[in-house]
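Text of structure_2.csv (CSV, C-alpha atoms) as supplied:
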```
chain,number,residue,atom,x,y,z
A,65,MET,CA,14.9,50.2,-55.6
A,66,VAL,CA,12.1,49.0,-53.3
A,67,ALA,CA,13.2,47.0,-50.3
A,68,LYS,CA,11.6,45.0,-47.5
A,69,GLY,CA,10.0,47.4,-44.9
A,70,ASP,CA,9.2,50.1,-47.4
A,71,LEU,CA,5.8,51.8,-47.2
A,72,LEU,CA,4.7,52.9,-50.7
A,73,TYR,CA,1.9,54.4,-52.8
A,74,VAL,CA,1.7,52.2,-55.9
A,75,SER,CA,-0.6,52.5,-58.9
A,76,ALA,CA,-1.1,50.6,-62.2
A,77,ALA,CA,0.6,52.3,-65.1
A,78,ASP,CA,-2.1,51.1,-67.5
A,79,ALA,CA,-4.9,53.7,-67.6
A,80,ALA,CA,-7.7,51.1,-68.0
A,81,MET,CA,-6.5,49.0,-65.1
A,82,LEU,CA,-6.0,52.2,-63.0
A,83,GLU,CA,-9.6,53.1,-63.6
A,84,LYS,CA,-11.1,49.7,-63.0
A,85,GLY,CA,-9.0,48.9,-59.9
A,86,GLU,CA,-10.3,49.5,-56.4
A,87,SER,CA,-7.4,51.8,-55.3
A,88,GLY,CA,-5.2,52.6,-58.2
A,89,GLY,CA,-5.3,49.0,-59.5
A,90,ALA,CA,-1.8,48.1,-58.1
A,91,VAL,CA,-2.8,44.6,-57.0
A,92,SER,CA,-4.3,43.8,-60.4
A,93,ALA,CA,-1.3,45.2,-62.2
A,94,LEU,CA,1.2,43.2,-60.0
A,95,LEU,CA,-0.8,40.0,-60.6
A,96,LYS,CA,-0.9,40.6,-64.4
A,97,TYR,CA,2.8,41.3,-64.5
A,98,ALA,CA,3.5,38.1,-62.5
A,99,LEU,CA,1.7,36.1,-65.1
A,100,GLU,CA,3.1,37.9,-68.2
A,101,SER,CA,6.7,37.7,-66.9
A,102,GLY,CA,6.5,34.0,-66.0
A,103,THR,CA,7.1,34.8,-62.4
A,104,VAL,CA,4.1,32.6,-61.6
A,105,ASP,CA,2.3,29.9,-63.5
A,106,ALA,CA,-1.1,30.9,-62.3
A,107,VAL,CA,-3.0,33.4,-60.1
A,108,LEU,CA,-5.6,32.3,-57.6
A,109,ALA,CA,-8.0,35.2,-56.8
A,110,VAL,CA,-11.7,35.9,-56.1
A,111,LYS,CA,-14.1,37.4,-58.5
A,112,LYS,CA,-17.7,38.5,-58.4
A,113,GLY,CA,-20.2,35.7,-59.2
A,114,TYR,CA,-23.9,36.2,-60.1
A,115,ASP,CA,-24.0,39.4,-58.0
A,116,LEU,CA,-22.0,41.3,-55.4
A,117,TYR,CA,-23.3,38.8,-52.7
A,118,GLU,CA,-21.6,35.9,-54.4
A,119,SER,CA,-17.8,35.4,-54.7
A,120,ARG,CA,-16.1,32.7,-56.7
A,121,PRO,CA,-12.5,31.5,-56.6
A,122,ALA,CA,-10.7,31.7,-60.0
A,123,VAL,CA,-7.5,30.1,-61.2
A,124,ILE,CA,-6.2,32.4,-63.9
A,125,THR,CA,-3.5,31.7,-66.4
A,126,ASP,CA,-4.5,34.3,-69.0
A,127,PRO,CA,-3.2,37.8,-67.9
A,128,GLU,CA,-6.1,39.5,-69.7
A,129,GLU,CA,-8.5,37.8,-67.2
A,130,ILE,CA,-7.0,39.5,-64.2
A,131,ALA,CA,-9.2,42.5,-64.7
A,132,GLU,CA,-12.2,40.4,-63.7
A,133,THR,CA,-10.9,40.1,-60.2
A,134,ALA,CA,-10.5,43.9,-59.6
A,135,GLY,CA,-12.4,45.5,-56.8
A,136,SER,CA,-13.4,44.4,-53.3
A,137,LEU,CA,-16.1,42.0,-52.3
A,138,HIS,CA,-17.1,42.4,-48.6
A,139,CYS,CA,-19.7,39.6,-49.0
A,140,GLY,CA,-17.0,37.2,-50.2
A,141,THR,CA,-16.5,34.9,-47.3
A,142,LEU,CA,-14.3,32.3,-49.0
A,143,LEU,CA,-11.1,30.9,-47.5
A,144,VAL,CA,-8.8,30.2,-50.4
A,145,PRO,CA,-5.7,28.4,-48.9
A,146,LYS,CA,-7.3,25.0,-48.6
A,147,LEU,CA,-8.2,25.3,-52.3
A,148,ILE,CA,-4.5,25.4,-53.0
A,149,LYS,CA,-4.0,22.2,-50.9
A,150,LYS,CA,-7.0,20.3,-52.4
A,151,PHE,CA,-7.0,21.3,-56.0
A,152,LEU,CA,-3.5,22.8,-56.8
A,153,ASP,CA,-1.4,20.1,-55.1
A,154,GLY,CA,-0.3,22.5,-52.4
A,155,ALA,CA,1.8,24.5,-55.0
A,156,ARG,CA,4.4,21.8,-55.0
A,157,ASN,CA,5.1,21.9,-58.7
A,158,LYS,CA,3.7,25.3,-59.8
A,159,LYS,CA,4.3,28.8,-58.8
A,160,ILE,CA,1.2,30.6,-57.7
A,161,ALA,CA,0.3,34.2,-56.8
A,162,VAL,CA,-2.7,34.5,-54.5
A,163,THR,CA,-4.7,37.3,-52.9
A,164,LEU,CA,-5.3,36.8,-49.2
A,165,LYS,CA,-7.2,38.4,-46.3
A,166,GLY,CA,-5.7,38.2,-42.8
A,167,CYS,CA,-7.4,34.8,-42.0
A,168,ASP,CA,-6.3,33.5,-45.4
A,169,ALA,CA,-2.7,34.4,-44.6
A,170,LYS,CA,-2.8,32.7,-41.2
A,171,ALA,CA,-4.3,29.6,-42.8
A,172,MET,CA,-1.4,29.6,-45.4
A,173,TYR,CA,1.1,29.5,-42.5
A,174,GLU,CA,-0.7,26.7,-40.6
A,175,LEU,CA,-1.0,24.6,-43.7
A,176,ALA,CA,2.6,25.1,-44.6
A,177,LYS,CA,3.6,23.9,-41.1
A,178,ARG,CA,1.7,20.7,-41.8
A,179,ASN,CA,3.5,20.3,-45.1
A,180,GLN,CA,0.3,20.8,-47.0
A,181,ILE,CA,1.5,23.9,-48.9
A,182,ASN,CA,4.9,24.9,-50.3
A,183,LEU,CA,5.3,28.6,-49.5
A,184,ASP,CA,8.5,28.8,-51.6
A,185,ASN,CA,6.2,28.6,-54.7
A,186,VAL,CA,3.6,31.1,-53.5
A,187,TYR,CA,3.5,34.9,-53.8
A,188,MET,CA,1.2,36.0,-51.0
A,189,ILE,CA,-0.5,39.3,-51.9
A,190,GLY,CA,-2.2,40.4,-48.7
A,191,LEU,CA,-5.3,42.6,-48.6
A,192,ASN,CA,-6.2,44.8,-45.6
A,193,CYS,CA,-9.5,43.6,-44.2
A,194,GLY,CA,-11.9,45.2,-41.8
A,195,GLY,CA,-14.2,42.2,-42.0
A,196,SER,CA,-16.7,40.5,-44.3
A,197,ILE,CA,-20.5,40.1,-44.2
A,198,SER,CA,-22.3,36.8,-44.9
A,199,PRO,CA,-24.3,37.1,-48.1
A,200,VAL,CA,-27.7,36.1,-46.6
A,201,ALA,CA,-27.1,38.5,-43.7
A,202,ALA,CA,-26.0,41.3,-46.0
A,203,ARG,CA,-29.2,41.1,-48.0
A,204,LYS,CA,-31.3,41.1,-44.8
A,205,MET,CA,-29.3,44.0,-43.4
A,206,ILE,CA,-29.7,46.1,-46.6
A,207,GLU,CA,-33.4,45.5,-46.7
A,208,GLN,CA,-34.2,46.0,-43.0
A,209,LYS,CA,-31.5,48.5,-41.8
A,210,PHE,CA,-30.8,50.5,-44.9
A,211,GLY,CA,-34.4,50.4,-46.3
A,212,LEU,CA,-33.2,49.5,-49.8
A,213,ASP,CA,-33.8,46.6,-52.2
A,214,PRO,CA,-30.7,44.4,-52.1
A,215,ASP,CA,-30.9,43.8,-55.8
A,216,ASP,CA,-30.5,47.5,-56.5
A,217,ILE,CA,-27.1,47.6,-54.8
A,218,VAL,CA,-24.1,47.8,-57.2
A,219,LYS,CA,-21.4,48.5,-54.6
A,220,GLU,CA,-20.7,48.2,-50.9
A,221,GLU,CA,-17.8,49.5,-48.8
A,222,ILE,CA,-16.6,49.3,-45.2
A,223,ASP,CA,-14.5,52.3,-44.4
A,224,LYS,CA,-14.0,54.9,-41.7
A,225,GLY,CA,-16.2,53.0,-39.3
A,226,GLU,CA,-19.2,52.9,-41.6
A,227,CYS,CA,-20.8,50.5,-44.0
A,228,THR,CA,-21.8,52.3,-47.2
A,229,VAL,CA,-23.9,51.0,-50.1
A,230,ILE,CA,-24.5,52.5,-53.5
A,231,THR,CA,-27.6,51.8,-55.6
A,232,LYS,CA,-28.0,51.6,-59.4
A,233,ASP,CA,-29.3,55.2,-59.3
A,234,GLY,CA,-26.1,56.4,-57.6
A,235,GLU,CA,-27.7,56.8,-54.2
A,236,HIS,CA,-25.2,56.5,-51.3
A,237,LYS,CA,-26.4,55.4,-47.8
A,238,SER,CA,-24.1,54.8,-44.8
A,239,VAL,CA,-24.7,53.4,-41.4
A,240,LYS,CA,-22.1,53.2,-38.6
A,241,ILE,CA,-20.6,49.7,-38.1
A,242,ASP,CA,-21.0,50.0,-34.3
A,243,GLU,CA,-24.7,50.6,-34.7
A,244,LEU,CA,-25.2,47.7,-37.1
A,245,GLU,CA,-23.3,45.3,-34.9
A,246,GLU,CA,-25.1,46.4,-31.7
A,247,GLU,CA,-28.3,45.4,-33.5
A,248,GLY,CA,-27.0,42.0,-34.8
A,249,TYR,CA,-26.2,43.1,-38.3
A,250,GLY,CA,-22.8,43.9,-39.9
A,251,ARG,CA,-19.7,41.9,-40.1
A,252,ARG,CA,-19.4,38.2,-39.3
A,253,THR,CA,-18.8,37.7,-35.6
A,254,ASN,CA,-15.4,36.1,-36.2
A,255,CYS,CA,-14.4,39.1,-38.3
A,256,GLN,CA,-15.4,41.3,-35.4
A,257,ARG,CA,-13.0,39.4,-33.1
A,258,CYS,CA,-10.2,39.3,-35.7
A,259,LYS,CA,-6.8,41.0,-35.0
A,260,THR,CA,-5.1,40.5,-38.3
A,261,LYS,CA,-6.4,43.6,-40.1
A,262,ILE,CA,-3.1,44.1,-42.0
A,263,PRO,CA,-1.7,40.7,-43.1
A,264,ARG,CA,2.0,41.3,-42.7
A,265,GLN,CA,2.6,37.5,-43.0
A,266,CYS,CA,2.2,38.1,-46.7
A,267,ASP,CA,4.9,39.3,-49.1
A,268,LEU,CA,2.9,42.5,-49.6
A,269,ALA,CA,0.1,44.0,-47.5
A,270,CYS,CA,-2.1,46.2,-49.7
A,271,GLY,CA,-5.1,48.5,-49.1
A,272,ASN,CA,-6.5,52.0,-49.1
A,273,TRP,CA,-5.8,52.8,-45.4
A,274,GLY,CA,-3.4,55.7,-45.3
A,275,VAL,CA,-4.0,57.1,-48.7
A,276,VAL,CA,-4.2,60.8,-48.2
A,277,GLU,CA,-6.7,63.2,-49.8
A,278,GLY,CA,-5.9,63.9,-53.4
A,279,LYS,CA,-4.6,60.4,-53.9
A,280,SER,CA,-7.8,58.5,-52.9
A,281,GLY,CA,-8.7,56.0,-55.6
A,282,LYS,CA,-5.5,56.6,-57.5
A,283,VAL,CA,-3.0,54.7,-55.4
A,284,THR,CA,-2.7,51.6,-53.2
A,285,PHE,CA,-0.9,51.8,-49.9
A,286,ILE,CA,1.5,48.8,-49.9
A,287,GLU,CA,3.7,47.6,-47.1
A,288,VAL,CA,6.6,45.5,-48.4
A,289,CYS,CA,6.9,42.6,-46.0
A,290,SER,CA,9.5,40.3,-47.6
A,291,GLU,CA,12.3,40.3,-50.1
A,292,LYS,CA,10.0,38.3,-52.5
A,293,GLY,CA,7.5,41.1,-52.3
A,294,ALA,CA,10.2,43.7,-53.0
A,295,GLU,CA,11.4,41.8,-56.1
A,296,LEU,CA,7.8,41.6,-57.4
A,297,ILE,CA,7.4,45.4,-57.2
A,298,ASN,CA,10.8,46.1,-58.6
A,299,GLY,CA,10.2,43.7,-61.5
A,300,ALA,CA,6.8,45.2,-62.3
A,301,ALA,CA,8.2,48.8,-62.1
A,302,GLY,CA,11.1,47.8,-64.4
A,303,LYS,CA,8.6,46.6,-67.0
A,304,LYS,CA,6.5,49.8,-66.4
A,305,ALA,CA,3.5,47.9,-65.2
A,306,VAL,CA,3.3,50.0,-62.0
A,307,THR,CA,4.6,53.3,-60.6
A,308,SER,CA,5.5,53.8,-57.0
A,309,GLU,CA,6.5,56.5,-54.5
A,310,LYS,CA,7.2,56.7,-50.8
A,311,ALA,CA,3.9,56.9,-48.8
A,312,ASP,CA,3.0,60.3,-47.4
A,313,PRO,CA,4.1,60.4,-43.7
A,314,LYS,CA,0.7,61.8,-42.8
A,315,GLY,CA,-0.8,58.7,-44.5
A,316,VAL,CA,1.4,56.4,-42.5
A,317,GLU,CA,0.2,57.9,-39.3
A,318,VAL,CA,-3.5,57.7,-40.5
A,319,ARG,CA,-3.0,54.0,-41.3
A,320,LYS,CA,-1.5,53.3,-37.9
A,321,SER,CA,-4.5,55.1,-36.3
A,322,ILE,CA,-7.0,53.1,-38.3
A,323,GLU,CA,-5.4,49.8,-37.4
A,324,LYS,CA,-5.2,50.8,-33.7
A,325,SER,CA,-8.9,51.7,-33.6
A,326,MET,CA,-9.9,48.5,-35.3
A,327,LEU,CA,-7.8,46.3,-33.0
A,328,GLU,CA,-9.4,48.1,-30.0
A,329,LEU,CA,-12.8,47.3,-31.4
A,330,SER,CA,-11.8,43.7,-31.9
A,331,ASP,CA,-10.7,43.4,-28.2
A,332,LYS,CA,-14.1,44.9,-27.2
A,333,ARG,CA,-16.1,42.5,-29.3
A,334,THR,CA,-14.0,39.5,-28.2
A,335,SER,CA,-14.6,40.3,-24.5
A,336,GLU,CA,-18.3,40.7,-25.1
A,337,GLN,CA,-18.7,37.5,-27.1
A,338,PHE,CA,-16.6,35.3,-24.8
A,339,ALA,CA,-18.3,36.7,-21.7
A,340,ALA,CA,-21.7,35.6,-23.2
A,341,LEU,CA,-20.4,32.0,-23.3
A,342,GLY,CA,-20.1,31.9,-19.6
A,343,GLU,CA,-17.4,29.8,-17.8
A,344,GLY,CA,-16.7,26.3,-16.7
A,345,ARG,CA,-19.8,24.0,-16.6
A,346,GLU,CA,-22.0,26.8,-17.7
A,347,ARG,CA,-20.0,27.2,-20.9
A,348,LEU,CA,-19.9,23.4,-21.5
A,349,GLU,CA,-23.6,23.1,-21.1
A,350,PHE,CA,-24.2,26.0,-23.5
A,351,ILE,CA,-21.9,24.4,-26.1
A,352,MET,CA,-23.5,20.9,-25.7
A,353,ALA,CA,-27.0,22.5,-26.1
A,354,GLU,CA,-26.0,24.4,-29.3
A,355,THR,CA,-24.2,21.5,-30.9
A,356,SER,CA,-27.2,19.2,-30.3
A,357,ARG,CA,-28.6,20.6,-33.5
A,358,CYS,CA,-25.7,19.1,-35.5
A,359,ILE,CA,-26.7,17.0,-38.5
A,360,LYS,CA,-23.2,15.8,-39.2
A,361,CYS,CA,-22.9,17.3,-42.6
A,362,TYR,CA,-19.1,17.6,-42.2
A,363,GLN,CA,-18.9,21.1,-43.6
A,364,CYS,CA,-17.0,22.3,-40.5
A,365,ILE,CA,-14.4,19.6,-41.1
A,366,GLU,CA,-14.2,19.8,-44.9
A,367,ASN,CA,-13.6,23.6,-44.9
A,368,CYS,CA,-11.4,24.0,-41.8
A,369,PRO,CA,-7.8,24.7,-42.9
A,370,ILE,CA,-6.5,22.9,-39.8
A,371,CYS,CA,-8.4,19.7,-40.5
A,372,TYR,CA,-6.3,17.8,-43.1
A,373,CYS,CA,-6.2,14.2,-41.9
A,374,VAL,CA,-6.9,11.7,-44.7
A,375,GLU,CA,-8.6,9.4,-42.2
A,376,CYS,CA,-10.7,11.6,-39.9
A,377,SER,CA,-11.2,10.3,-36.4
A,378,THR,CA,-14.8,11.5,-36.4
A,379,LYS,CA,-15.6,8.8,-39.0
A,380,LYS,CA,-14.1,5.9,-36.9
A,381,PRO,CA,-17.1,3.8,-35.6
A,382,HIS,CA,-15.3,2.9,-32.3
A,383,LEU,CA,-15.2,6.6,-31.5
A,384,VAL,CA,-18.4,8.0,-33.0
A,385,THR,CA,-21.5,5.9,-33.4
A,386,PRO,CA,-22.4,5.7,-37.1
A,387,GLY,CA,-25.8,6.9,-38.3
A,388,GLN,CA,-26.7,8.7,-35.0
A,389,LEU,CA,-28.2,12.1,-35.3
A,390,PRO,CA,-27.5,14.3,-33.6
A,391,PRO,CA,-24.1,12.7,-33.2
A,392,PRO,CA,-22.8,12.2,-29.7
A,393,PHE,CA,-20.8,15.1,-28.2
A,394,ILE,CA,-17.6,13.1,-28.7
A,395,PHE,CA,-17.9,14.0,-32.4
A,396,HIS,CA,-17.4,17.7,-31.5
A,397,LEU,CA,-14.8,17.0,-28.8
A,398,ILE,CA,-12.6,15.2,-31.3
A,399,ARG,CA,-12.6,18.1,-33.6
A,400,TYR,CA,-12.1,20.7,-30.8
A,401,THR,CA,-9.1,18.9,-29.4
A,402,HIS,CA,-7.5,18.3,-32.8
A,403,ILE,CA,-7.4,21.9,-33.7
A,404,ALA,CA,-7.7,23.7,-30.3
A,405,ASP,CA,-4.1,25.1,-30.4
A,406,SER,CA,-4.3,26.2,-34.0
A,407,CYS,CA,-7.7,27.7,-34.7
A,408,ILE,CA,-7.2,30.9,-36.8
A,409,ASN,CA,-10.7,32.2,-36.3
A,410,CYS,CA,-11.5,32.1,-40.1
A,411,GLY,CA,-15.1,31.4,-39.3
A,412,GLN,CA,-15.6,28.8,-42.0
A,413,CYS,CA,-17.0,26.2,-39.6
A,414,GLU,CA,-19.7,28.6,-38.6
A,415,GLU,CA,-20.3,30.3,-41.9
A,416,LEU,CA,-21.0,27.0,-43.6
A,417,CYS,CA,-22.8,25.2,-40.8
A,418,ALA,CA,-26.2,24.1,-42.0
A,419,MET,CA,-27.7,24.5,-38.5
A,420,ASP,CA,-26.1,27.9,-37.7
A,421,ILE,CA,-24.1,26.5,-34.8
A,422,PRO,CA,-21.6,29.2,-33.6
A,423,ASN,CA,-18.6,26.8,-34.0
A,424,ALA,CA,-16.0,29.5,-34.6
A,425,LEU,CA,-16.9,31.2,-31.3
A,426,TYR,CA,-16.2,28.0,-29.3
A,427,MET,CA,-13.0,27.2,-31.2
A,428,HIS,CA,-11.7,30.7,-30.9
A,429,SER,CA,-12.4,30.9,-27.2
A,430,LEU,CA,-10.6,27.6,-26.7
A,431,GLN,CA,-7.6,28.6,-28.8
A,432,MET,CA,-7.3,31.9,-26.9
A,433,GLU,CA,-7.2,30.0,-23.6
A,434,MET,CA,-4.4,27.7,-24.9
A,435,GLN,CA,-2.6,30.7,-26.3
A,436,GLU,CA,-2.6,32.3,-22.9
A,437,MET,CA,-1.4,29.1,-21.3
A,438,PHE,CA,1.4,28.2,-23.8
A,439,GLY,CA,2.1,31.4,-25.6
A,440,TYR,CA,1.5,29.9,-29.1
A,441,GLU,CA,-0.4,32.2,-31.5
A,442,PRO,CA,-1.4,30.4,-34.7
A,443,GLY,CA,-0.8,31.8,-38.2
A,444,VAL,CA,1.7,34.6,-37.3
A,445,ASN,CA,4.9,32.8,-38.1
A,446,LEU,CA,6.2,29.3,-38.9
A,447,ASP,CA,6.7,28.1,-35.2
A,448,LEU,CA,5.2,24.7,-34.6
A,449,PRO,CA,1.9,24.4,-32.8
A,450,VAL,CA,1.7,23.0,-29.3
A,451,LEU,CA,0.5,19.6,-30.2
A,452,ALA,CA,3.3,19.1,-32.8
A,453,LEU,CA,5.8,19.1,-30.0
A,454,VAL,CA,4.9,15.7,-28.8
A,455,GLU,CA,5.1,12.3,-30.4
A,456,GLU,CA,1.6,10.8,-30.3
A,457,PRO,CA,2.6,7.1,-30.6
A,458,ALA,CA,5.1,7.5,-27.8
A,459,GLU,CA,2.5,9.2,-25.6
A,460,ARG,CA,-0.1,6.6,-26.3
A,461,LYS,CA,2.4,3.9,-25.4
A,462,ARG,CA,3.2,5.7,-22.1
A,463,LEU,CA,-0.6,5.9,-21.4
A,464,SER,CA,-0.9,2.1,-22.0
A,465,ASP,CA,2.2,1.3,-19.9
A,466,THR,CA,1.5,3.6,-16.9
A,467,GLY,CA,-2.3,3.9,-16.9
A,468,ASP,CA,-1.8,7.7,-16.9
A,469,ASP,CA,-5.0,9.6,-17.8
A,470,GLN,CA,-3.2,12.3,-19.6
A,471,ILE,CA,-2.7,11.4,-23.3
A,472,PHE,CA,-0.2,14.2,-24.1
A,473,ASN,CA,2.4,14.8,-21.5
A,474,ILE,CA,2.7,18.5,-22.5
A,475,PHE,CA,3.4,19.7,-19.0
A,476,GLY,CA,6.4,17.4,-18.6
A,477,ASP,CA,7.1,15.0,-15.8
A,478,LYS,CA,6.4,16.3,-12.3
A,479,GLU,CA,9.2,15.9,-9.8
```

Any chance you could put this one into structure tokens?
Amino acid sequence: MVAKGDLLYVSAADAAMLEKGESGGAVSALLKYALESGTVDAVLAVKKGYDLYESRPAVITDPEEIAETAGSLHCGTLLVPKLIKKFLDGARNKKIAVTLKGCDAKAMYELAKRNQINLDNVYMIGLNCGGSISPVAARKMIEQKFGLDPDDIVKEEIDKGECTVITKDGEHKSVKIDELEEEGYGRRTNCQRCKTKIPRQCDLACGNWGVVEGKSGKVTFIEVCSEKGAELINGAAGKKAVTSEKADPKGVEVRKSIEKSMLELSDKRTSEQFAALGEGRERLEFIMAETSRCIKCYQCIENCPICYCVECSTKKPHLVTPGQLPPPFIFHLIRYTHIADSCINCGQCEELCAMDIPNALYMHSLQMEMQEMFGYEPGVNLDLPVLALVEEPAERKRLSDTGDDQIFNIFGDKE
């Protein structure tokens, strides 16, 4: 029997799903089993849209439709947890299986802490992620750096430090990720900084890292991260939906090495990008200049998993002057302070910004400073964030009574 902590090679038992799946079809087989067995009421996954540069969320209740979500989409930059909150009632009354990248998994935890998602009703299927590429940037990269027509590309892959594309004619072309990113191409900048490559917050963490030669394309490497995940695999194996075996020890070491290399690269990119912001007043002036392009479209707020207030403070006229463009800097300060301790570096505020303001860079740098100060790392467990440890009404009363200029007394009373 499979147990929490096991490292496995898993593959779909069905030949068609095995062939269609990215790495043995294990994830698709598990999702299909979850629906067929009644373990879940629905599956939330991502499937290809018009082309491989477009990804679409799909709520699936028919097991036969699961095959449509097979395969990877590195140009899929969606963040799905907020969709569960907004359109699926936070999984309060239905059981849902959902596929998640590292940033998705962190968003699930942060939303759960805020009582926006019921994790008891969610099966979290984590997907190892080395990063994603914005669709517009991907097309530009393929044309200018690979010298190929973006419309001729039928598959793309990020593996072993390289980005590889395959054309309709079967031509393969690869360029090193380092080379792409040094020239401003490649993965989104927030992905470059990300340190959640294997989403162990999930019930299962799945991918092809650590699959040894001879098994490539035939099995999925799965780390069983919870009892719920173990039960899902055991149930699927019992119904002969999947087959599993212990992961090859050499593969386990390879997986560790890949993760270590990627985390080291993340540290390098983080240092470079944060250094470019400058410090102190220089950083403030840089952020003020960049945000002066804001047209107040609210995409950063609508798509941030940490922004969940029904009545947003940025829409209160006594705080932010209505109808003013660009909005006063207080518009951005309100948002920054509200989520400063809990930014998960998902990049949605930057990805969807109409004016290409690098919002995620500012938020992530601020969150990392707070993490260093208070030791709170968002999205890794269910510990409460820093700002949840104070009672805002009580603090505001204290401010009014004492004239203190510090709204949140997070440092405690000085003796």

In Å, how far is it from CA of Gly302 in chain A to CA of Leu94 in chain A?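 Going from CA of Gly302 in chain A over to CA of Leu94 in chain A, I get 11.8 Å.
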
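Of the listed residues (A:Ala93, A:Val162, A:Ala155, A:Ala418), A:Ala93 comes nearest to Ala134 in chain A; the distances count only C-alpha atoms.
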
Which residue of A:Lys304, A:Arg319, A:Lys112, A:His402 approaches Leu71 in chain A most closely, using all atoms listed in the file: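 For Leu71 in chain A, the nearest of the candidates is A:Arg319.
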
Which of A:Lys165, A:Leu152, A:Lys232, A:Thr141 sits closest to Cys413 in chain A [using all atoms listed in the file]: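 That would be A:Thr141, the residue with the smallest distance to Cys413 in chain A.
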
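The shortest atom-to-atom distance to Ser87 in chain A, with only C-alpha atoms taken into account, belongs to A:Val283 out of A:Cys417, A:Val374, A:Ile365, A:Val283.
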
I want to know what sits within 10 Å of range 336-352 of chain A, based on all atoms listed in the file, with residues of the same chain fewer than 6 positions away left out; could you give that as a PyMOL selection string? chain A and resi 253-254+256-257+330+392-393+396+421-423+425-426+428-430

List the neighbours of Leu175 in chain A out to 7 Å using all atoms listed in the file; skip same-chain residues closer than 6 positions along the sequence, and give me the result as a PDB file with C-alpha atoms, keeping the file's coordinate frame.
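Resulting contents of result.pdb:
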```
ATOM      1  CA  ILE A 181       1.500  23.900 -48.900  1.00  0.00           C
ATOM      2  CA  PRO A 369      -7.800  24.700 -42.900  1.00  0.00           C
ATOM      3  CA  ILE A 370      -6.500  22.900 -39.800  1.00  0.00           C
TER       4      ILE A 370
END
```

Using all atoms listed in the file and a cutoff of 9 Å, can you tell me which residues are near (-2.2, 47.3, -65.0) in the file's coordinates, and write them out as a list in words? Ser75, Ala76, Ala77, Asp78, Ala79, Ala80, Met81, Leu82, Gly85, Gly89, Ala90, Val91, Ser92, Ala93, Leu94, Leu95, Lys96, Tyr97, Ala131, Ala305 and Val306 of chain A

Provide the CA of Val288 in chain A to CA of Leu268 in chain A distance in Å, to one decimal place.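 Calculated distance between CA of Val288 in chain A and CA of Leu268 in chain A is 4.9 Å.
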
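Distances from A:Lys360, A:Ala300, A:Gly248, A:Ala98 to Met65 in chain A were compared using only C-alpha atoms, and the smallest one belongs to A:Ala300.
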
So, with only C-alpha atoms as the atoms that count, which of A:Cys364, A:Ile206, A:Ile262, A:Leu383 lies closest to Lys324 in chain A?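 Among A:Cys364, A:Ile206, A:Ile262, A:Leu383, it is A:Ile262 that comes nearest to Lys324 in chain A.
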
Residues within 12 Å of Leu142 in chain A, all atoms listed in the file, excluding chain neighbours under 3 positions, as a ChimeraX atom specification: /A:109-112,117-122,137-139,145-147,163-165,167-168,196-199,367-369,410-413,415-416

Atoms kept (C-alpha atoms) for selection, written as a PDB file, in the coordinates of the input:
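Result went into selection_29.pdb, see below:
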```pdb
ATOM      1  CA  ALA A 109      -8.000  35.200 -56.800  1.00  0.00           C
ATOM      2  CA  VAL A 110     -11.700  35.900 -56.100  1.00  0.00           C
ATOM      3  CA  LYS A 111     -14.100  37.400 -58.500  1.00  0.00           C
ATOM      4  CA  LYS A 112     -17.700  38.500 -58.400  1.00  0.00           C
ATOM      5  CA  TYR A 117     -23.300  38.800 -52.700  1.00  0.00           C
ATOM      6  CA  GLU A 118     -21.600  35.900 -54.400  1.00  0.00           C
ATOM      7  CA  SER A 119     -17.800  35.400 -54.700  1.00  0.00           C
ATOM      8  CA  ARG A 120     -16.100  32.700 -56.700  1.00  0.00           C
ATOM      9  CA  PRO A 121     -12.500  31.500 -56.600  1.00  0.00           C
ATOM     10  CA  ALA A 122     -10.700  31.700 -60.000  1.00  0.00           C
ATOM     11  CA  LEU A 137     -16.100  42.000 -52.300  1.00  0.00           C
ATOM     12  CA  HIS A 138     -17.100  42.400 -48.600  1.00  0.00           C
ATOM     13  CA  CYS A 139     -19.700  39.600 -49.000  1.00  0.00           C
ATOM     14  CA  PRO A 145      -5.700  28.400 -48.900  1.00  0.00           C
ATOM     15  CA  LYS A 146      -7.300  25.000 -48.600  1.00  0.00           C
ATOM     16  CA  LEU A 147      -8.200  25.300 -52.300  1.00  0.00           C
ATOM     17  CA  THR A 163      -4.700  37.300 -52.900  1.00  0.00           C
ATOM     18  CA  LEU A 164      -5.300  36.800 -49.200  1.00  0.00           C
ATOM     19  CA  LYS A 165      -7.200  38.400 -46.300  1.00  0.00           C
ATOM     20  CA  CYS A 167      -7.400  34.800 -42.000  1.00  0.00           C
ATOM     21  CA  ASP A 168      -6.300  33.500 -45.400  1.00  0.00           C
ATOM     22  CA  SER A 196     -16.700  40.500 -44.300  1.00  0.00           C
ATOM     23  CA  ILE A 197     -20.500  40.100 -44.200  1.00  0.00           C
ATOM     24  CA  SER A 198     -22.300  36.800 -44.900  1.00  0.00           C
ATOM     25  CA  PRO A 199     -24.300  37.100 -48.100  1.00  0.00           C
ATOM     26  CA  ASN A 367     -13.600  23.600 -44.900  1.00  0.00           C
ATOM     27  CA  CYS A 368     -11.400  24.000 -41.800  1.00  0.00           C
ATOM     28  CA  PRO A 369      -7.800  24.700 -42.900  1.00  0.00           C
ATOM     29  CA  CYS A 410     -11.500  32.100 -40.100  1.00  0.00           C
ATOM     30  CA  GLY A 411     -15.100  31.400 -39.300  1.00  0.00           C
ATOM     31  CA  GLN A 412     -15.600  28.800 -42.000  1.00  0.00           C
ATOM     32  CA  CYS A 413     -17.000  26.200 -39.600  1.00  0.00           C
ATOM     33  CA  GLU A 415     -20.300  30.300 -41.900  1.00  0.00           C
ATOM     34  CA  LEU A 416     -21.000  27.000 -43.600  1.00  0.00           C
TER      35      LEU A 416
END
```
